file input.tsv (TSV, C-alpha atoms)
chain	number	residue	atom	x	y	z
A	1186	MET	CA	111.87	129.83	60.32
A	1187	ASN	CA	113.51	126.89	62.03
A	1188	VAL	CA	112.73	125.73	65.56
A	1189	THR	CA	113.36	122.63	67.60
A	1190	VAL	CA	110.32	120.78	68.93
A	1191	ASN	CA	111.00	117.96	71.39
A	1192	GLY	CA	114.52	117.65	70.05
A	1193	GLN	CA	113.46	117.49	66.37
A	1194	PRO	CA	114.13	120.30	63.88
A	1195	ARG	CA	110.92	121.79	62.46
A	1196	GLU	CA	110.22	124.43	59.90
A	1197	LEU	CA	107.44	126.86	60.71
A	1198	ALA	CA	105.81	129.71	58.81
A	1199	ALA	CA	106.59	133.21	60.02
A	1200	GLY	CA	104.20	134.28	62.77
A	1201	ALA	CA	103.64	130.73	63.96
A	1202	THR	CA	102.31	130.48	67.51
A	1203	VAL	CA	102.63	127.92	70.26
A	1204	ALA	CA	99.11	126.79	69.29
A	1205	SER	CA	100.29	125.98	65.78
A	1206	VAL	CA	103.23	123.98	67.17
A	1207	VAL	CA	100.85	121.97	69.33
A	1208	GLU	CA	98.59	121.42	66.33
A	1209	LEU	CA	101.61	120.16	64.38
A	1210	LEU	CA	101.85	117.31	66.89
A	1211	ASP	CA	98.22	116.32	66.29
A	1212	VAL	CA	97.15	117.56	69.69
A	1213	ALA	CA	93.76	119.19	70.10
A	1214	PRO	CA	94.09	122.65	71.64
A	1215	ASP	CA	91.88	121.55	74.52
A	1216	ALA	CA	93.75	118.27	75.11
A	1217	ARG	CA	94.20	117.66	78.82
A	1218	GLY	CA	97.52	117.01	80.49
A	1219	VAL	CA	99.65	118.87	77.95
A	1220	ALA	CA	102.04	121.74	78.66
A	1221	VAL	CA	104.56	123.74	76.66
A	1222	ALA	CA	107.86	125.40	77.49
A	1223	VAL	CA	109.72	127.71	75.14
A	1224	ASP	CA	113.33	128.61	75.88
A	1225	GLY	CA	113.03	127.73	79.54
A	1226	GLU	CA	109.70	129.44	80.21
A	1227	VAL	CA	106.33	127.74	80.57
A	1228	VAL	CA	103.82	129.19	78.12
A	1229	ALA	CA	100.44	128.94	79.85
A	1230	ARG	CA	97.73	127.27	77.82
A	1231	SER	CA	95.70	130.49	77.90
A	1232	ARG	CA	98.49	132.13	75.89
A	1233	TRP	CA	99.11	129.41	73.28
A	1234	ALA	CA	97.05	131.13	70.61
A	1235	GLU	CA	98.79	134.48	70.94
A	1236	ALA	CA	102.34	133.46	71.87
A	1237	GLU	CA	104.48	133.69	68.73
A	1238	VAL	CA	107.58	131.57	68.45
A	1239	HIS	CA	110.79	132.99	67.10
A	1240	ASP	CA	113.44	131.56	64.83
A	1241	GLY	CA	115.75	129.19	66.70
A	1242	ALA	CA	113.31	128.60	69.56
A	1243	LEU	CA	113.73	125.49	71.67
A	1244	ILE	CA	110.26	124.14	72.32
A	1245	GLU	CA	109.26	121.29	74.59
A	1246	VAL	CA	105.73	119.89	74.45
A	1247	VAL	CA	105.05	117.46	77.29
A	1248	ALA	CA	102.13	115.22	78.16
A	1249	ALA	CA	100.96	112.98	80.98
A	1250	ILE	CA	102.32	109.47	81.24
A	1251	GLY	CA	102.23	106.88	83.99
A	1252	GLY	CA	104.81	107.52	86.67
A	1253	GLY	CA	105.37	106.90	90.37
B	746	MET	CA	85.29	102.43	100.64
B	747	ALA	CA	85.16	105.51	102.84
B	748	SER	CA	86.62	104.95	106.27
B	749	ALA	CA	86.02	106.87	109.47
B	750	ASP	CA	89.75	107.44	109.75
B	751	PRO	CA	90.67	110.17	107.29
B	752	PHE	CA	93.94	112.04	107.12
B	753	VAL	CA	94.55	115.57	105.96
B	754	ILE	CA	97.22	117.01	103.69
B	755	ALA	CA	97.21	120.77	103.24
B	756	GLY	CA	93.58	120.98	104.32
B	757	ARG	CA	92.45	118.21	101.96
B	758	GLU	CA	90.81	115.25	103.65
B	759	LEU	CA	91.66	111.86	102.20
B	760	ASN	CA	89.92	108.66	103.20
B	761	SER	CA	92.31	106.28	101.48
B	762	ARG	CA	95.74	105.94	103.01
B	763	LEU	CA	97.11	104.32	99.87
B	764	ILE	CA	98.38	106.61	97.13
B	765	LEU	CA	98.87	104.81	93.83
B	766	GLY	CA	101.81	105.46	91.54
B	767	THR	CA	100.81	104.84	87.95
B	768	GLY	CA	104.25	103.98	86.54
B	769	GLY	CA	105.01	100.52	85.20
B	770	PHE	CA	101.54	99.30	84.23
B	771	THR	CA	101.57	97.39	80.95
B	772	SER	CA	98.21	98.80	79.85
B	773	HIS	CA	95.69	101.48	80.72
B	774	GLU	CA	93.12	98.74	81.26
B	775	LEU	CA	95.26	97.10	83.93
B	776	LEU	CA	95.90	100.48	85.55
B	777	ALA	CA	92.15	101.15	85.66
B	778	ARG	CA	91.42	97.81	87.34
B	779	ALA	CA	94.30	98.13	89.83
B	780	CYS	CA	93.26	101.69	90.59
B	781	GLU	CA	89.73	100.58	91.39
B	782	GLU	CA	90.95	97.72	93.58
B	783	SER	CA	93.41	99.97	95.43
B	784	GLU	CA	90.61	102.39	96.39
B	785	ALA	CA	93.22	105.14	96.11
B	786	GLU	CA	91.93	108.71	95.83
B	787	LEU	CA	95.22	110.18	94.67
B	788	CYS	CA	97.37	108.85	91.81
B	789	THR	CA	100.73	110.14	90.66
B	790	VAL	CA	101.47	110.96	87.03
B	791	ALA	CA	104.59	112.15	85.24
B	792	LEU	CA	105.33	114.43	82.29
B	793	ARG	CA	107.37	113.40	79.27
B	794	ARG	CA	107.78	114.62	75.71
B	795	LEU	CA	104.46	114.25	73.95
B	796	ASP	CA	104.35	111.09	71.86
B	797	PRO	CA	101.99	111.65	68.90
B	798	ALA	CA	101.74	107.86	68.45
B	799	ALA	CA	100.54	107.27	72.03
B	800	ARG	CA	97.04	105.85	72.20
B	801	GLY	CA	94.60	107.08	74.79
B	802	SER	CA	95.34	109.41	77.67
B	803	ILE	CA	96.20	108.24	81.14
B	804	LEU	CA	94.27	111.27	82.38
B	805	ASP	CA	91.07	109.90	80.88
B	806	VAL	CA	91.67	106.62	82.72
B	807	LEU	CA	92.19	108.42	86.02
B	808	THR	CA	89.24	110.74	85.49
B	809	THR	CA	86.98	107.76	84.78
B	810	ALA	CA	88.32	106.13	87.94
B	811	GLY	CA	87.33	109.27	89.86
B	812	VAL	CA	90.77	109.88	91.36
B	813	GLU	CA	92.76	113.08	91.78
B	814	VAL	CA	96.05	113.50	89.96
B	815	LEU	CA	99.30	114.17	91.81
B	816	PRO	CA	101.97	115.13	89.26
B	817	ASN	CA	105.57	114.29	90.01
B	818	THR	CA	108.96	115.59	88.91
B	819	ALA	CA	110.40	112.13	88.35
B	820	GLY	CA	113.65	112.07	86.40
B	821	CYS	CA	114.79	115.55	87.45
B	822	TYR	CA	118.37	115.82	88.70
B	823	THR	CA	118.54	119.52	89.56
B	824	ALA	CA	116.37	121.95	91.48
B	825	ARG	CA	116.02	124.07	88.32
B	826	ASP	CA	114.75	121.13	86.32
B	827	ALA	CA	112.33	120.06	89.04
B	828	VAL	CA	110.95	123.58	89.52
B	829	MET	CA	110.40	123.97	85.77
B	830	THR	CA	108.73	120.54	85.61
B	831	ALA	CA	106.45	121.51	88.50
B	832	HIS	CA	105.39	124.63	86.63
B	833	LEU	CA	104.69	122.57	83.50
B	834	ALA	CA	102.65	120.18	85.63
B	835	ARG	CA	100.66	123.04	87.14
B	836	ASP	CA	99.70	124.18	83.66
B	837	ALA	CA	99.04	120.66	82.35
B	838	PHE	CA	96.99	119.37	85.27
B	839	GLU	CA	95.61	122.56	86.83
B	840	THR	CA	96.81	121.61	90.28
B	841	ASP	CA	99.23	123.23	92.71
B	842	TRP	CA	100.11	119.88	94.22
B	843	ILE	CA	103.46	118.43	93.27
B	844	LYS	CA	105.28	115.29	94.32
B	845	LEU	CA	108.78	116.68	94.31
B	846	GLU	CA	111.55	114.30	93.28
B	847	VAL	CA	115.11	115.48	92.75
B	848	ILE	CA	117.33	112.52	92.08
B	849	GLY	CA	121.03	112.50	92.84
B	850	ASP	CA	122.24	109.28	91.28
B	851	ASP	CA	120.93	107.11	88.47
B	852	ARG	CA	121.69	103.73	90.02
B	853	THR	CA	120.20	104.25	93.45
B	854	LEU	CA	117.69	106.95	92.45
B	855	LEU	CA	118.28	108.38	95.91
B	856	PRO	CA	117.23	111.99	96.47
B	857	ASP	CA	119.79	114.80	96.19
B	858	ALA	CA	119.24	116.44	99.58
B	859	VAL	CA	120.75	119.81	98.66
B	860	GLU	CA	118.85	120.23	95.40
B	861	LEU	CA	115.69	118.89	97.02
B	862	VAL	CA	115.60	121.54	99.74
B	863	THR	CA	116.40	124.28	97.22
B	864	ALA	CA	113.57	123.16	94.94
B	865	ALA	CA	111.15	122.76	97.85
B	866	GLU	CA	111.79	126.31	99.08
B	867	GLU	CA	111.31	127.75	95.62
B	868	LEU	CA	108.12	125.82	94.93
B	869	VAL	CA	106.59	126.71	98.30
B	870	ASP	CA	107.35	130.38	97.47
B	871	ASP	CA	105.62	129.86	94.13
B	872	GLY	CA	102.48	128.68	95.91
B	873	PHE	CA	102.77	124.94	95.38
B	874	THR	CA	101.65	122.27	97.82
B	875	VAL	CA	104.91	120.36	97.94
B	876	LEU	CA	105.13	116.67	98.81
B	877	PRO	CA	108.83	115.80	98.68
B	878	TYR	CA	110.27	112.35	98.12
B	879	THR	CA	113.11	112.24	100.61
B	880	THR	CA	115.56	109.91	102.31
B	881	ASP	CA	114.83	108.42	105.72
B	882	ASP	CA	117.02	111.09	107.34
B	883	PRO	CA	115.06	112.77	110.16
B	884	VAL	CA	117.11	115.98	109.88
B	885	LEU	CA	116.38	116.34	106.17
B	886	ALA	CA	112.70	115.62	106.84
B	887	ARG	CA	112.66	118.47	109.35
B	888	ARG	CA	114.40	120.81	106.93
B	889	LEU	CA	111.73	120.04	104.33
B	890	GLU	CA	108.96	120.66	106.84
B	891	ASP	CA	110.64	123.94	107.84
B	892	ALA	CA	110.73	124.87	104.15
B	893	GLY	CA	106.94	124.68	104.14
B	894	CYS	CA	106.33	121.26	102.61
B	895	ALA	CA	102.82	119.89	103.17
B	896	ALA	CA	104.06	116.36	103.92
B	897	VAL	CA	107.29	114.41	103.92
B	898	MET	CA	107.67	111.23	101.93
B	899	PRO	CA	110.66	109.25	103.13
B	900	LEU	CA	111.74	106.19	101.21
B	901	GLY	CA	111.59	102.77	102.80
B	902	SER	CA	114.32	101.66	100.39
B	903	PRO	CA	115.29	102.67	96.83
B	904	ILE	CA	112.60	103.19	94.20
B	905	GLY	CA	111.46	99.94	92.64
B	906	SER	CA	113.78	97.86	94.83
B	907	GLY	CA	111.01	96.13	96.76
B	908	MET	CA	113.36	95.97	99.75
B	909	GLY	CA	110.72	97.20	102.18
B	910	ILE	CA	111.57	99.47	105.09
B	911	ARG	CA	115.29	99.18	105.66
B	912	ASN	CA	115.47	101.57	108.60
B	913	PRO	CA	112.22	101.47	110.57
B	914	TYR	CA	113.91	103.32	113.45
B	915	ASN	CA	114.60	106.36	111.30
B	916	ILE	CA	111.05	106.29	109.96
B	917	SER	CA	109.80	106.19	113.57
B	918	ILE	CA	111.94	109.20	114.49
B	919	ILE	CA	110.61	111.13	111.49
B	920	ILE	CA	107.04	110.30	112.53
B	921	GLU	CA	107.59	111.27	116.17
B	922	ARG	CA	108.94	114.68	115.23
B	923	ALA	CA	106.98	115.61	112.12
B	924	GLY	CA	104.20	118.14	112.23
B	925	VAL	CA	103.05	117.21	108.73
B	926	PRO	CA	101.84	113.88	107.37
B	927	VAL	CA	104.51	111.22	106.78
B	928	ILE	CA	104.01	109.04	103.72
B	929	VAL	CA	106.34	106.16	102.97
B	930	ASP	CA	107.25	106.49	99.33
B	931	ALA	CA	109.37	103.86	97.58
B	932	GLY	CA	110.61	100.47	98.62
B	933	VAL	CA	107.33	98.75	99.40
B	934	GLY	CA	107.51	95.30	97.80
B	935	THR	CA	104.45	93.58	99.15
B	936	ALA	CA	101.53	93.94	101.54
B	937	SER	CA	103.52	93.30	104.73
B	938	ASP	CA	105.85	96.21	103.93
B	939	ALA	CA	102.84	98.52	103.66
B	940	ALA	CA	101.44	97.11	106.90
B	941	LEU	CA	104.75	97.75	108.68
B	942	ALA	CA	104.83	101.36	107.45
B	943	MET	CA	101.39	101.92	108.90
B	944	GLU	CA	102.20	100.09	112.14
B	945	LEU	CA	105.14	102.45	112.60
B	946	GLY	CA	102.64	105.30	112.42
B	947	CYS	CA	102.93	106.58	108.87
B	948	ASP	CA	99.89	108.49	107.67
B	949	ALA	CA	99.87	106.82	104.27
B	950	VAL	CA	101.84	104.74	101.81
B	951	LEU	CA	102.66	105.55	98.19
B	952	CYS	CA	103.08	102.48	96.07
B	953	ALA	CA	103.81	102.05	92.38
B	954	SER	CA	106.10	99.20	91.27
B	955	ALA	CA	104.97	96.75	93.95
B	956	ILE	CA	101.54	96.86	92.35
B	957	SER	CA	102.24	97.64	88.70
B	958	ARG	CA	105.05	95.08	88.30
B	959	ALA	CA	103.45	92.32	90.40
B	960	HIS	CA	102.53	89.16	88.56
B	961	ASP	CA	98.89	90.08	89.19
B	962	PRO	CA	98.71	93.83	89.72
B	963	VAL	CA	94.99	93.86	90.46
B	964	ALA	CA	95.30	91.25	93.23
B	965	MET	CA	98.36	93.05	94.62
B	966	ALA	CA	96.49	96.36	94.65
B	967	ARG	CA	93.91	94.70	96.87
B	968	ALA	CA	96.57	93.04	99.04
B	969	ILE	CA	98.43	96.29	99.62
B	970	ARG	CA	95.23	98.19	100.28
B	971	LEU	CA	94.36	95.59	102.94
B	972	GLY	CA	97.94	95.71	104.26
B	973	VAL	CA	97.63	99.47	104.73
B	974	GLN	CA	94.32	99.03	106.50
B	975	ALA	CA	95.61	96.17	108.67
B	976	GLY	CA	98.68	98.14	109.71
B	977	ARG	CA	96.60	101.18	110.55
B	978	LEU	CA	94.19	99.09	112.63
B	979	ALA	CA	97.07	97.38	114.44
B	980	LEU	CA	98.63	100.76	115.27
B	981	GLY	CA	95.39	101.92	116.85
B	982	ALA	CA	94.92	98.60	118.63
B	983	GLY	CA	98.28	98.94	120.37
B	984	ARG	CA	100.67	96.05	119.95
B	985	ILE	CA	102.12	94.13	122.90
B	986	ALA	CA	105.61	94.98	124.09
B	987	ARG	CA	108.47	92.92	122.73
B	988	ARG	CA	110.23	90.77	125.37
B	989	HIS	CA	113.13	88.39	125.33
B	990	TYR	CA	111.46	85.59	127.29
B	991	ALA	CA	108.11	83.89	127.01
B	992	GLN	CA	105.02	84.95	128.91
B	993	ALA	CA	102.45	82.17	129.13
B	994	SER	CA	99.07	83.09	127.73
B	995	THR	CA	97.43	80.22	129.70
B	996	PRO	CA	97.14	80.79	133.48
B	997	GLU	CA	99.60	78.78	135.57
B	998	GLN	CA	97.41	78.68	138.68
B	999	GLY	CA	95.05	75.74	139.19
B	1000	MET	CA	97.18	73.10	137.48
B	1001	PRO	CA	96.05	69.65	138.72
B	1002	ASP	CA	98.80	67.60	140.33
B	1003	LEU	CA	98.84	64.84	137.75
B	1004	GLU	CA	102.40	63.89	138.64
B	1005	ALA	CA	101.22	62.71	142.08
B	1006	GLN	CA	98.42	60.58	140.56
B	1007	LEU	CA	100.62	59.06	137.91
B	1008	GLY	CA	103.27	58.22	140.54
B	1009	ALA	CA	100.66	56.39	142.73
B	1010	ARG	CA	99.33	54.30	139.85
B	1011	PRO	CA	100.57	50.69	139.69
B	1012	THR	CA	102.80	50.14	136.68
B	1013	SER	CA	100.97	48.32	133.91
B	1014	ARG	CA	103.98	46.48	132.61

call {"tool": "encode", "arguments": {"input": "input.tsv", "output": "structure tokens"}}
result
Amino acid sequence: MNVTVNGQPRELAAGATVASVVELLDVAPDARGVAVAVDGEVVARSRWAEAEVHDGALIEVVAAIGGG
Amino acid sequence: MASADPFVIAGRELNSRLILGTGGFTSHELLARACEESEAELCTVALRRLDPAARGSILDVLTTAGVEVLPNTAGCYTARDAVMTAHLARDAFETDWIKLEVIGDDRTLLPDAVELVTAAEELVDDGFTVLPYTTDDPVLARRLEDAGCAAVMPLGSPIGSGMGIRNPYNISIIIERAGVPVIVDAGVGTASDAALAMELGCDAVLCASAISRAHDPVAMARAIRLGVQAGRLALGAGRIARRHYAQASTPEQGMPDLEAQLGARPTSR
């Protein structure tokens, strides 16, 4: 299936979860300061492993940066 | 250095009245040194798309420095966007505290008052401790307090402008009427600006660019920390009243009559 991760098209295997998307970006599942939204809803870290993504999903993976 | 003059936001006691913004530092190493010199206990951070090429985490730097993280919603232009960002921040940083920014214009970066109040109300309902970046409008500050915000953070002047406190009278009115802490956020350019904010009676100062973009950020972190402390001390000390004419500090009584002596002396030439 095809999804969009941080504005980039990505192909994922059927049944892929938010955890597998995060892994795709080389982020450890316990990395601090990372959060995920799928189609306008925050997916809590505690649900990454079980939350399946669907074809066409718009996924944003954000992380901490310096900011005022 | 712990002081005997703490202030409290939402039940949390803070000893440092300088909150450090972490934007604009050229390296994590510089941030770590400036952070230490600032003696800040609270540092803002932002959220952006994860960059797999980024090296090191700013969170590790801040954790090592022993400071708490205050996430912001910088870059959001609508209440919806800001509320969503706050929820992402809550999940990313495991804190209910949010520095709420809703920007209305990309050249001035001034807050959008309408969207700001909408976002504040929603976030308070969602259980956040909301610290809104606002204009120096006393009415808007009151609306934000009425919405349940834990502090108000009026700008001194636009973000990153270094123009100091352009309307100290408005800041004074906000302070007089606020029932929550008042933190000047944005506009501080150097130590004297921070001192003025504190002399006006602000509870704290939030400072990012003035430190991070200074020629020597570590020295400026120290200068602004001392400026905050000096201003706070001066406020407590009670400044003299301003007056249009001079008031001699040396007593006028007891002046010897030298004119009389000089007049009686024979001229030497």

call {"tool": "closest_residue", "arguments": {"input": "input.tsv", "among": "B:Leu765, B:Cys947, B:Leu980, B:Leu775", "to": "chain A", "atoms": "only C-alpha atoms"}}
result
B:Leu765

call {"tool": "closest_atom_pairs", "arguments": {"input": "input.tsv", "of": "stretch 755-855 of chain B", "to": "stretch 890-898 of chain B", "cutoff": "10 Å", "atoms": "all atoms listed in the file", "output": "JSON lines"}}
result
{"residue": "B:Ala755", "atom": "CA", "partner": "B:Ala895", "partner_atom": "CA", "distance": 5.7}
{"residue": "B:Gly756", "atom": "CA", "partner": "B:Ala895", "partner_atom": "CA", "distance": 9.4}
{"residue": "B:Trp842", "atom": "CA", "partner": "B:Ala895", "partner_atom": "CA", "distance": 9.4}
{"residue": "B:Lys844", "atom": "CA", "partner": "B:Met898", "partner_atom": "CA", "distance": 9.0}
{"residue": "B:Leu845", "atom": "CA", "partner": "B:Met898", "partner_atom": "CA", "distance": 9.4}
{"residue": "B:Glu846", "atom": "CA", "partner": "B:Met898", "partner_atom": "CA", "distance": 10.0}

call {"tool": "residues_around", "arguments": {"input": "input.tsv", "residues": "stretch 1218-1223 of chain A", "least_positions_apart": "4", "cutoff": "9 Å", "atoms": "only C-alpha atoms", "output": "VMD selection string"}}
result
(chain A and resid 1203 1207 1212 1227 to 1230 1233 1238 1242 to 1250) or (chain B and resid 792 795 802 to 804 829 833 to 839)

call {"tool": "write_last_selection", "arguments": {"input": "input.tsv", "atoms": "C-alpha atoms", "output": "mmCIF file, keeping the file's coordinate frame"}}
result
data_model
loop_
_atom_site.group_PDB
_atom_site.id
_atom_site.type_symbol
_atom_site.label_atom_id
_atom_site.label_comp_id
_atom_site.auth_asym_id
_atom_site.auth_seq_id
_atom_site.Cartn_x
_atom_site.Cartn_y
_atom_site.Cartn_z
ATOM 1 C CA VAL A 1203 102.630 127.920 70.260
ATOM 2 C CA VAL A 1207 100.850 121.970 69.330
ATOM 3 C CA VAL A 1212 97.150 117.560 69.690
ATOM 4 C CA VAL A 1227 106.330 127.740 80.570
ATOM 5 C CA VAL A 1228 103.820 129.190 78.120
ATOM 6 C CA ALA A 1229 100.440 128.940 79.850
ATOM 7 C CA ARG A 1230 97.730 127.270 77.820
ATOM 8 C CA TRP A 1233 99.110 129.410 73.280
ATOM 9 C CA VAL A 1238 107.580 131.570 68.450
ATOM 10 C CA ALA A 1242 113.310 128.600 69.560
ATOM 11 C CA LEU A 1243 113.730 125.490 71.670
ATOM 12 C CA ILE A 1244 110.260 124.140 72.320
ATOM 13 C CA GLU A 1245 109.260 121.290 74.590
ATOM 14 C CA VAL A 1246 105.730 119.890 74.450
ATOM 15 C CA VAL A 1247 105.050 117.460 77.290
ATOM 16 C CA ALA A 1248 102.130 115.220 78.160
ATOM 17 C CA ALA A 1249 100.960 112.980 80.980
ATOM 18 C CA ILE A 1250 102.320 109.470 81.240
ATOM 19 C CA LEU B 792 105.330 114.430 82.290
ATOM 20 C CA LEU B 795 104.460 114.250 73.950
ATOM 21 C CA SER B 802 95.340 109.410 77.670
ATOM 22 C CA ILE B 803 96.200 108.240 81.140
ATOM 23 C CA LEU B 804 94.270 111.270 82.380
ATOM 24 C CA MET B 829 110.400 123.970 85.770
ATOM 25 C CA LEU B 833 104.690 122.570 83.500
ATOM 26 C CA ALA B 834 102.650 120.180 85.630
ATOM 27 C CA ARG B 835 100.660 123.040 87.140
ATOM 28 C CA ASP B 836 99.700 124.180 83.660
ATOM 29 C CA ALA B 837 99.040 120.660 82.350
ATOM 30 C CA PHE B 838 96.990 119.370 85.270
ATOM 31 C CA GLU B 839 95.610 122.560 86.830
#

call {"tool": "closest_residue", "arguments": {"input": "input.tsv", "among": "A:Asp1211, A:Asp1224, A:Glu1237, A:Glu1196", "to": "chain B", "atoms": "all atoms listed in the file"}}
result
A:Asp1211

call {"tool": "residues_around", "arguments": {"input": "input.tsv", "residues": "A:Ala1201", "least_positions_apart": "5", "cutoff": "10 Å", "atoms": "all atoms listed in the file", "output": "list of chain:residue names"}}
result
A:Met1186, A:Glu1196, A:Val1206, A:Ala1234, A:Glu1235, A:Ala1236, A:Glu1237, A:Val1238, A:His1239, A:Asp1240

call {"tool": "closest_residue", "arguments": {"input": "input.tsv", "among": "A:Ser1231, A:Asn1187, A:Arg1195, A:Gly1252", "to": "A:Leu1210", "atoms": "all atoms listed in the file"}}
result
A:Arg1195

call {"tool": "closest_residue", "arguments": {"input": "input.tsv", "among": "B:Asp1002, B:Asp851, B:Gly905, B:Leu900", "to": "B:Val950", "atoms": "all atoms listed in the file"}}
result
B:Leu900

call {"tool": "closest_residue", "arguments": {"input": "input.tsv", "among": "A:Gly1253, A:Gly1200, A:Ala1216, A:Pro1194", "to": "chain B", "atoms": "only C-alpha atoms"}}
result
A:Gly1253

call {"tool": "closest_residue", "arguments": {"input": "input.tsv", "among": "A:Asn1191, A:Ala1213, A:Ala1198, A:Glu1208", "to": "chain B", "atoms": "all atoms listed in the file"}}
result
A:Asn1191
